[in-house]
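S.K.: After the C-alpha cells below, expect a handful of questions from me.
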There are 2 protein chains.
Amino acid sequence: MPLEALRYPITPVGLHYLLIHYDIPLTAADSWTLEIGGLVEQPVTVTLDELKAREAEELTVTMECAGNGRARLEPRPESQPWLLEAVGTARWFGTPLRPLLEEAGIQDGAVEVLFTGADHGREGGMDQQFQRSLSIEDALESDAILAYEMNGAPLPPQHGFPLRLLVPGWYGMTSVKWLTRIDVLAEQFSGYQQAHSYRVRQEEDEEGDPLSRMLPRSLMVPPGRPDFLTRERIVDGPCVVEGRAWSGHGEIVAVDLSADGGETWEAAELGEELGPWAWRGWSYRWEPEPGSYELCCRASDSAGNEQPVEQAWNVGGYANNAVQRVPVSVS
Amino acid sequence: MPLEALRYPITPVGLHYLLIHYDIPLTAADSWTLEIGGLVEQPVTVTLDELKAREAEELTVTMECAGNGRARLEPRPESQPWLLEAVGTARWFGTPLRPLLEEAGIQDGAVEVLFTGADHGREGGMDQQFQRSLSIEDALESDAILAYEMNGAPLPPQHGFPLRLLVPGWYGMTSVKWLTRIDVLAEQFSGYQQAHSYRVRQEEDEEGDPLSRMLPRSLMVPPGRPDFLTRERIVDGPCVVEGRAWSGHGEIVAVDLSADGGETWEAAELGEELGPWAWRGWSYRWEPEPGSYELCCRASDSAGNEQPVEQAWNVGGYANNAVQRVPVSVS
C-alpha cells in the first residue's frame with residue numbers, strides 16, 4: 001500500500017497490501033465447499049450459498065503483515081522485503097465463525113482449530129497447503145468471521161476468493177485465504193506455518209514465541225512531494241502531517257510526532273474512530289523553518305504498548321514496529 | 001501482476017501492474033477539468049461530465065511497463081526492479097482523443113501534443129509534473145482514448161482517477177494518468193520524461209532512442225507449484241503450459257516453447273484473439289521425464305519481431321524482452 005493511501009479510511013481494492021505465500025489458486029464459487037471436521041459431533045460440508053444464507057456481519061478491519069518493517073532490519077532477514085507498506089483496511093462481510101463451530105459441536109479434549117487454505121507449495125523442504133491454527137478460546141472469542149465480501153463486492157482472487165477466515169486484530173497470516181477446511185484438533189498443530197514460521201526467535205534453532213495480535217504502529221502520509229529515486233520528501237513550508245495508527249491489543253490512546261528523529265516528541269490530534277478493529281486517523285500541524293528533518297510518529301495503545309524508537313532484530317524479521325522515519329527537506 | 005494471473009483474459013483490478021512515478025494525487029471527480037490549449041484554434045476547458053457525454057468506446061488493452069524485465073539485467077539499472085510482472089490487460093472505456101483535438105483545431109506549425117498529469121515530484125534534480133508527448137500523427141492515428149472507466153467501474157485512484165490517456169500498443173509511460181492538460185506544441189517536448197527518461201542508450205550522456213510501442217513478449221503461468229523462497233517450480237508430470245503473448249507492433253503470429261533453456265523450440269498452440277490491442281492466449285502440452293528443466297517461451301509478431309534469447313543491456317534497463325526462463329523440477 002503506497003503510504004499516500006493512508007488518506008483513505010477504507011483502502012481501495014488494489015492498494016490494500018497482499019502477501020501470497022505460494023500461488024493464487026484457481027477457484028470457483030459454485031463448486032466451493034468448506035468442510036468442518038476433526039473432533040466435532042457433526043462433521044459437515046457446507047457450500048458457499050449455505051454460508052451466505054447464515055447470519056452475517058460486517059467488520060472494518062486493519063490488517064497488517066507480521067513481516068511489515070522487515071526490510072528496515074540489519075542484517076535483512078530473507079523474505080518479503082517490506083518497508084512499511086504491508087497494511088490496509090477493508091470492510092469484510094461474512095458469517096461469524098463461533099456459531100458454525102458450536103453447531104458442529106466441539107468435543108471434549110479439543111485444543112485447537114486448524115484452518116486450511118487452497119494455496120499450496122513447498123516451504124522448509126515440505127509440500128504443504130497453507131495452514132494456521134487458533135486455540136479453541138481464540139477461535140470462539142476473537143470475533144472471527146468467514147468472509148466472502150470485501151468492500152461490498154465478492155473477494156478478489158488475491159484476497160481469498162471465494163472464502164477466507166478473518167480474525168480481527170491479528171497479523172494477516174492468521175486470516176487464512178481460499179479456506180477449504182476447518183478441523184478441530186486434540187493437540188497443538190505442529191505444521192510449518194505454526195511451529196516454524198511466524199515465530200519470534202533470536203536463533204534459527206530455538207522454539208521462539210508465536211506471533212498473534214498486531215503491535216501498535218502509526219504511519220504518516222509522507223508530506224510534500226517525493227524525489228523519484230531516493231523517495232526523500234520535499235516540503236515547501238508549514239503543513240499538516242496526517243496518518244493513521246492501530247493496535248491489535250487495544251485502542252490507540254496517543255500518537256506523538258517528532259521532527260528530530262525521535263529525540264523530542266509532541267502530541268498529534270486523534271481523529272474519529274472507525275471501529276474497534278480499524279486504524280484511527282491523526283493529524284499534526286507542523287511549522288518548520290527551512291532545513292533538514294527526520295519526521296517520526298509513535299503510537300501507544302490502551303494496553304500500555306508504545307512503539308520503540310529502535311528496531312528489535314529477530315530471525316524472521318517479524319513484528320518490527322519501530323517508529324517510521326521520513327527524511328524531509330524543507331525549503 | 002503475479003504470473004498466475006495470466007490465467008485471466010482480463011486482469012482483475014488489484015492484479016494489474018502499477019507504476020506510480022511520484023505520489024498518487026488526491027483528486028476529485030466533480031471539480032476535475034481538462035484544459036486543451038497551446039497551438040489550437042479554440043482553447044477549451046472541459047469537465048468530466050462533458051467528456052462522459054461525448055462519443056465513447058471500449059478498448060481491451062494489454063499494457064506493459066517499459067522497464068519490465070529490468071531486474072534481469074546485469075548490472076541492474078537503478079529503478080523499479082521489475083522481473084517480468086509489469087503487465088496487465090484491462091477493458092478501458094472513454095472518449096476518443098482525435099475528435100477532441102480536431103474540434104479544438106490543430107494550427108499549422110504544430111509538431112507534438114503534450115499530456116500533463118497531476119502527479120508531481122522531483123526527478124533529475126527538477127520539480128515536475130509527469131508529462132509525456134506524442135507526435136501529431138501518433139496523437140491522431142493511434143486510436144488513443146481519454147479513459148474514465150476500467151473494467152466497468154470508475155478508474156481506481158492508482159490507475160489515474162478520474163481521467164487518463166490510454167494509447168494502445170505503447171509502453172505504459174505514454175498513457176498519462178490523472179490527466180489535467182493537453183497542449184499542442186510548435187516544437188518537440190524536451191521535458192525530463194521525454195528527453196531523458198524512457199530512452200534506450202548505452203551511455204548516460206548520449207541522446208538515445210525514444211521508447212514507443214511494446215516489443216513482443218510471451219509469458220507463461222509458471223507450471224506446478226512454487227518453492228516459497230526460491231520460487232522455483234515443482235511439477236509432478238505431464239501438464240499443459242499456458243500463457244499469453246502480445247506486441248505493440250502487430251499481431252502475435254507464433255509462440256514457441258523450449259524446455260532446455262532456449263536451445264531447441266517447439267510451437268505452442270495459439271488461442272482466440274481478444275482484440276487488436278490485447279494479449280493472445282497460447283498453450284503447450286508438455287510431457288517431460290523426471291529431471292531439471294529450464295522452460296522458455298518466445299513470441300513473434302506480424303512485423304517480423306521475435307524475442308531474443310539473450311538480454312540486451314541499456315542504461316535505463318528498458319524494453320528487455322528477452323525470453324522468460326522458468327527453472328522447473330519434474331518429479
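Residues in the C-alpha cells are numbered from 1 in each chain, the chains being A, B, ... in the order shown, and ligands are numbered from 1 in the order shown.
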Counting only C-alpha atoms, what are the residues of chain A within 10 Å of chain B, and for each of them which pair of atoms is the nearest and at what distance in Å, to one decimal? Sort the table by chain and rising number, as CSV.

M.R.:
```
residue,atom,partner,partner_atom,distance
A:Pro2,CA,B:Asp23,CA,8.0
A:Leu3,CA,B:Asp23,CA,8.8
A:Glu4,CA,B:Asp23,CA,6.7
A:Ala5,CA,B:Ile24,CA,7.9
A:Arg7,CA,B:Leu26,CA,8.6
A:Tyr8,CA,B:Leu26,CA,10.0
A:Pro12,CA,B:Pro156,CA,7.5
A:Val13,CA,B:Gly14,CA,6.2
A:Gly14,CA,B:Gly14,CA,3.5
A:Leu15,CA,B:Gly14,CA,7.0
A:His16,CA,B:Gly14,CA,8.5
A:Tyr17,CA,B:Gly14,CA,9.8
A:Leu18,CA,B:Gly14,CA,9.5
A:Ile20,CA,B:Pro2,CA,9.3
A:His21,CA,B:Phe228,CA,6.5
A:Tyr22,CA,B:Pro226,CA,6.0
A:Asp23,CA,B:Glu4,CA,6.7
A:Ile24,CA,B:Glu4,CA,6.8
A:Pro25,CA,B:Glu4,CA,8.3
A:Leu26,CA,B:Arg7,CA,8.6
A:Glu78,CA,B:Leu229,CA,8.1
A:Ser79,CA,B:Leu229,CA,7.0
A:Gln80,CA,B:Leu229,CA,9.2
A:Asp119,CA,B:Arg225,CA,9.1
A:His120,CA,B:Arg225,CA,6.7
A:Gly121,CA,B:Arg225,CA,5.0
A:Arg122,CA,B:Asp227,CA,4.5
A:Glu123,CA,B:Phe228,CA,5.3
A:Gly124,CA,B:Phe228,CA,8.2
A:Gly125,CA,B:Asp227,CA,8.2
A:Met126,CA,B:Asp227,CA,9.1
A:Asp127,CA,B:Asp227,CA,8.6
A:Pro156,CA,B:Pro12,CA,7.5
A:Pro157,CA,B:Pro12,CA,7.9
A:Gln158,CA,B:Leu15,CA,7.7
A:His159,CA,B:Gly14,CA,9.7
A:Pro222,CA,B:Asp23,CA,9.4
A:Gly224,CA,B:Gly121,CA,8.7
A:Arg225,CA,B:Gly121,CA,5.1
A:Pro226,CA,B:Gly121,CA,5.0
A:Asp227,CA,B:Arg122,CA,4.5
A:Phe228,CA,B:Glu123,CA,5.3
A:Leu229,CA,B:Ser79,CA,7.0
A:Thr230,CA,B:Glu123,CA,9.5
A:Arg231,CA,B:Tyr22,CA,8.4
A:Glu232,CA,B:Arg122,CA,9.4
A:Arg233,CA,B:Gly121,CA,8.8
A:Ile234,CA,B:Arg122,CA,8.2
```

S.K.: Can you pull out every residue from region 89-293 of chain A that DSSP, working from the backbone, puts in helix (DSSP H, G or I), and format the result as a count of residues only?

M.R.: 25

S.K.: From a DSSP pass on the backbone, collect the residues of region 91-330 of chain A flagged as strand (DSSP E or B) and hand them back as a VMD selection string.

M.R.: chain A and resid 91 to 96 106 112 to 123 126 to 135 145 to 150 153 to 154 164 to 166 170 179 to 185 199 to 200 209 to 210 213 217 to 220 225 to 227 233 to 235 239 to 246 252 to 258 260 266 to 267 269 to 273 280 to 286 291 to 301 306 324 to 330

S.K.: For the residues in that selection, give me C-alpha atoms as a CSV table (one decimal), in the first residue's frame.

M.R.:
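Full text of again.csv as output:
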```
chain,number,residue,atom,x,y,z
A,91,ARG,CA,-14.8,-3.7,5.1
A,92,TRP,CA,-15.1,-7.5,5.4
A,93,PHE,CA,-18.5,-9.2,5.3
A,94,GLY,CA,-19.3,-12.7,6.2
A,95,THR,CA,-20.7,-15.2,8.7
A,96,PRO,CA,-19.4,-15.5,12.3
A,106,ILE,CA,-16.6,-29.2,19.7
A,112,GLU,CA,-7.1,-26.1,18.7
A,113,VAL,CA,-8.9,-25.3,15.5
A,114,LEU,CA,-7.0,-25.7,12.2
A,115,PHE,CA,-7.7,-23.7,9.1
A,116,THR,CA,-6.6,-24.9,5.7
A,117,GLY,CA,-6.3,-22.8,2.5
A,118,ALA,CA,-6.2,-24.0,-1.1
A,119,ASP,CA,-2.9,-22.4,-1.9
A,120,HIS,CA,0.0,-24.9,-1.9
A,121,GLY,CA,3.7,-25.0,-2.5
A,122,ARG,CA,7.0,-26.1,-0.9
A,123,GLU,CA,8.5,-24.5,2.1
A,126,MET,CA,7.9,-29.7,2.7
A,127,ASP,CA,5.0,-29.8,0.3
A,128,GLN,CA,2.1,-28.1,2.1
A,129,GLN,CA,-1.2,-26.3,1.9
A,130,PHE,CA,-1.1,-23.0,3.8
A,131,GLN,CA,-2.4,-23.9,7.3
A,132,ARG,CA,-2.7,-22.0,10.6
A,133,SER,CA,-4.4,-22.8,13.9
A,134,LEU,CA,-6.1,-20.9,16.7
A,135,SER,CA,-6.7,-22.1,20.3
A,145,ILE,CA,-15.8,-14.3,10.6
A,146,LEU,CA,-15.7,-16.3,7.4
A,147,ALA,CA,-15.6,-13.5,4.9
A,148,TYR,CA,-17.0,-13.7,1.3
A,149,GLU,CA,-17.1,-10.0,0.5
A,150,MET,CA,-14.6,-7.2,0.7
A,153,ALA,CA,-18.0,-6.9,-3.6
A,154,PRO,CA,-17.0,-10.6,-3.8
A,164,ARG,CA,-11.4,-16.6,3.8
A,165,LEU,CA,-11.0,-16.5,7.5
A,166,LEU,CA,-10.8,-13.0,9.0
A,170,TRP,CA,-4.3,-10.4,14.5
A,179,LEU,CA,-10.4,-21.5,3.0
A,180,THR,CA,-11.4,-25.2,2.3
A,181,ARG,CA,-11.2,-27.0,5.7
A,182,ILE,CA,-11.7,-26.4,9.4
A,183,ASP,CA,-10.5,-29.2,11.7
A,184,VAL,CA,-10.8,-29.3,15.5
A,185,LEU,CA,-7.7,-30.9,16.9
A,199,ARG,CA,7.6,-17.1,15.5
A,200,VAL,CA,10.0,-14.5,17.0
A,209,ASP,CA,7.3,-17.1,20.5
A,210,PRO,CA,4.3,-17.4,18.3
A,213,ARG,CA,-2.0,-9.8,17.7
A,217,ARG,CA,2.0,1.1,14.8
A,218,SER,CA,1.5,4.6,13.4
A,219,LEU,CA,2.2,5.6,9.9
A,220,MET,CA,2.1,9.1,8.3
A,225,ARG,CA,6.4,15.5,-2.8
A,226,PRO,CA,8.9,12.8,-3.4
A,227,ASP,CA,12.3,12.7,-5.1
A,233,ARG,CA,10.4,14.3,0.7
A,234,ILE,CA,10.4,17.9,-0.3
A,235,VAL,CA,8.2,20.3,1.7
A,239,CYS,CA,1.8,21.7,6.5
A,240,VAL,CA,-0.5,19.3,8.2
A,241,VAL,CA,1.1,15.9,8.7
A,242,GLU,CA,-1.5,13.2,8.9
A,243,GLY,CA,-1.6,9.5,9.2
A,244,ARG,CA,-3.3,6.5,10.9
A,245,ALA,CA,-2.5,4.3,13.9
A,246,TRP,CA,-3.7,0.9,15.0
A,252,ILE,CA,-5.0,3.8,20.2
A,253,VAL,CA,-4.7,6.3,23.1
A,254,ALA,CA,-1.9,8.6,21.8
A,255,VAL,CA,0.2,9.4,18.7
A,256,ASP,CA,3.2,11.6,19.0
A,257,LEU,CA,5.3,13.3,16.4
A,258,SER,CA,9.0,14.0,16.3
A,260,ASP,CA,14.3,15.4,15.1
A,266,GLU,CA,4.8,16.4,20.6
A,267,ALA,CA,1.2,15.0,20.7
A,269,GLU,CA,-4.5,15.1,17.5
A,270,LEU,CA,-6.5,11.9,17.2
A,271,GLY,CA,-9.4,11.7,14.8
A,272,GLU,CA,-12.7,9.8,14.8
A,273,GLU,CA,-12.7,6.1,15.4
A,280,ARG,CA,-7.6,5.7,13.8
A,281,GLY,CA,-6.6,8.9,11.9
A,282,TRP,CA,-4.5,11.5,13.5
A,283,SER,CA,-3.0,14.9,12.4
A,284,TYR,CA,-0.4,17.4,13.4
A,285,ARG,CA,0.2,20.9,12.3
A,286,TRP,CA,3.9,21.2,11.6
A,291,GLY,CA,16.3,22.8,6.8
A,292,SER,CA,16.6,19.0,7.0
A,293,TYR,CA,14.4,17.0,9.3
A,294,GLU,CA,13.6,13.4,10.2
A,295,LEU,CA,9.9,13.0,10.9
A,296,CYS,CA,8.9,10.1,13.2
A,297,CYS,CA,5.5,9.1,14.5
A,298,ARG,CA,4.8,6.9,17.5
A,299,ALA,CA,1.6,5.2,18.7
A,300,SER,CA,0.5,4.0,22.1
A,301,ASP,CA,-2.4,1.7,22.9
A,306,GLU,CA,4.3,2.0,22.8
A,324,GLN,CA,8.6,5.3,10.9
A,325,ARG,CA,11.3,7.7,9.8
A,326,VAL,CA,10.7,10.1,7.0
A,327,PRO,CA,13.6,12.3,5.9
A,328,VAL,CA,12.2,15.7,4.8
A,329,SER,CA,13.9,18.7,3.2
A,330,VAL,CA,12.0,22.0,3.9
```

S.K.: If we count only C-alpha atoms and set the cut-off at 12 Å, which residues sit around region 98-100 of chain B, ignoring sequence neighbours fewer than 4 positions away in its own chain? Please answer as a JSON list (two decimals) with C-alpha atoms, in the first residue's frame.

M.R.:
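Result file around.json:
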```
[["chain", "number", "residue", "atom", "x", "y", "z"],
["B", 34, "LEU", "CA", -9.18, 19.04, -18.59],
["B", 35, "GLU", "CA", -7.67, 22.02, -20.38],
["B", 36, "ILE", "CA", -6.82, 21.79, -24.07],
["B", 37, "GLY", "CA", -4.56, 24.63, -25.20],
["B", 40, "VAL", "CA", -5.17, 25.30, -31.18],
["B", 42, "GLN", "CA", -10.21, 27.08, -29.71],
["B", 43, "PRO", "CA", -8.62, 26.50, -26.31],
["B", 44, "VAL", "CA", -11.20, 24.74, -24.17],
["B", 45, "THR", "CA", -11.74, 23.59, -20.62],
["B", 46, "VAL", "CA", -13.96, 20.52, -20.31],
["B", 50, "GLU", "CA", -18.79, 16.88, -20.57],
["B", 51, "LEU", "CA", -16.25, 14.24, -21.57],
["B", 54, "ARG", "CA", -19.21, 12.61, -25.80],
["B", 55, "GLU", "CA", -18.91, 9.55, -28.03],
["B", 56, "ALA", "CA", -17.42, 6.63, -26.12],
["B", 104, "ALA", "CA", -10.03, 22.31, -30.76],
["B", 105, "GLY", "CA", -8.36, 22.80, -34.19],
["B", 106, "ILE", "CA", -4.68, 22.00, -34.51],
["B", 113, "VAL", "CA", 0.80, 17.06, -28.37],
["B", 136, "ILE", "CA", 0.67, 14.95, -34.07],
["B", 137, "GLU", "CA", 0.41, 11.85, -36.22],
["B", 138, "ASP", "CA", 0.57, 9.45, -33.27],
["B", 139, "ALA", "CA", -1.94, 11.56, -31.31],
["B", 140, "LEU", "CA", -4.41, 11.39, -34.24],
["B", 141, "GLU", "CA", -3.74, 7.90, -35.62],
["B", 142, "SER", "CA", -3.03, 5.73, -32.58],
["B", 143, "ASP", "CA", -6.65, 5.02, -31.52],
["B", 144, "ALA", "CA", -5.93, 6.79, -28.21],
["B", 145, "ILE", "CA", -8.80, 7.46, -25.83],
["B", 146, "LEU", "CA", -9.26, 9.50, -22.68],
["B", 165, "LEU", "CA", -4.80, 8.96, -21.51],
["B", 167, "VAL", "CA", -2.58, 4.82, -26.02],
["B", 182, "ILE", "CA", -3.34, 18.69, -23.29]]
```
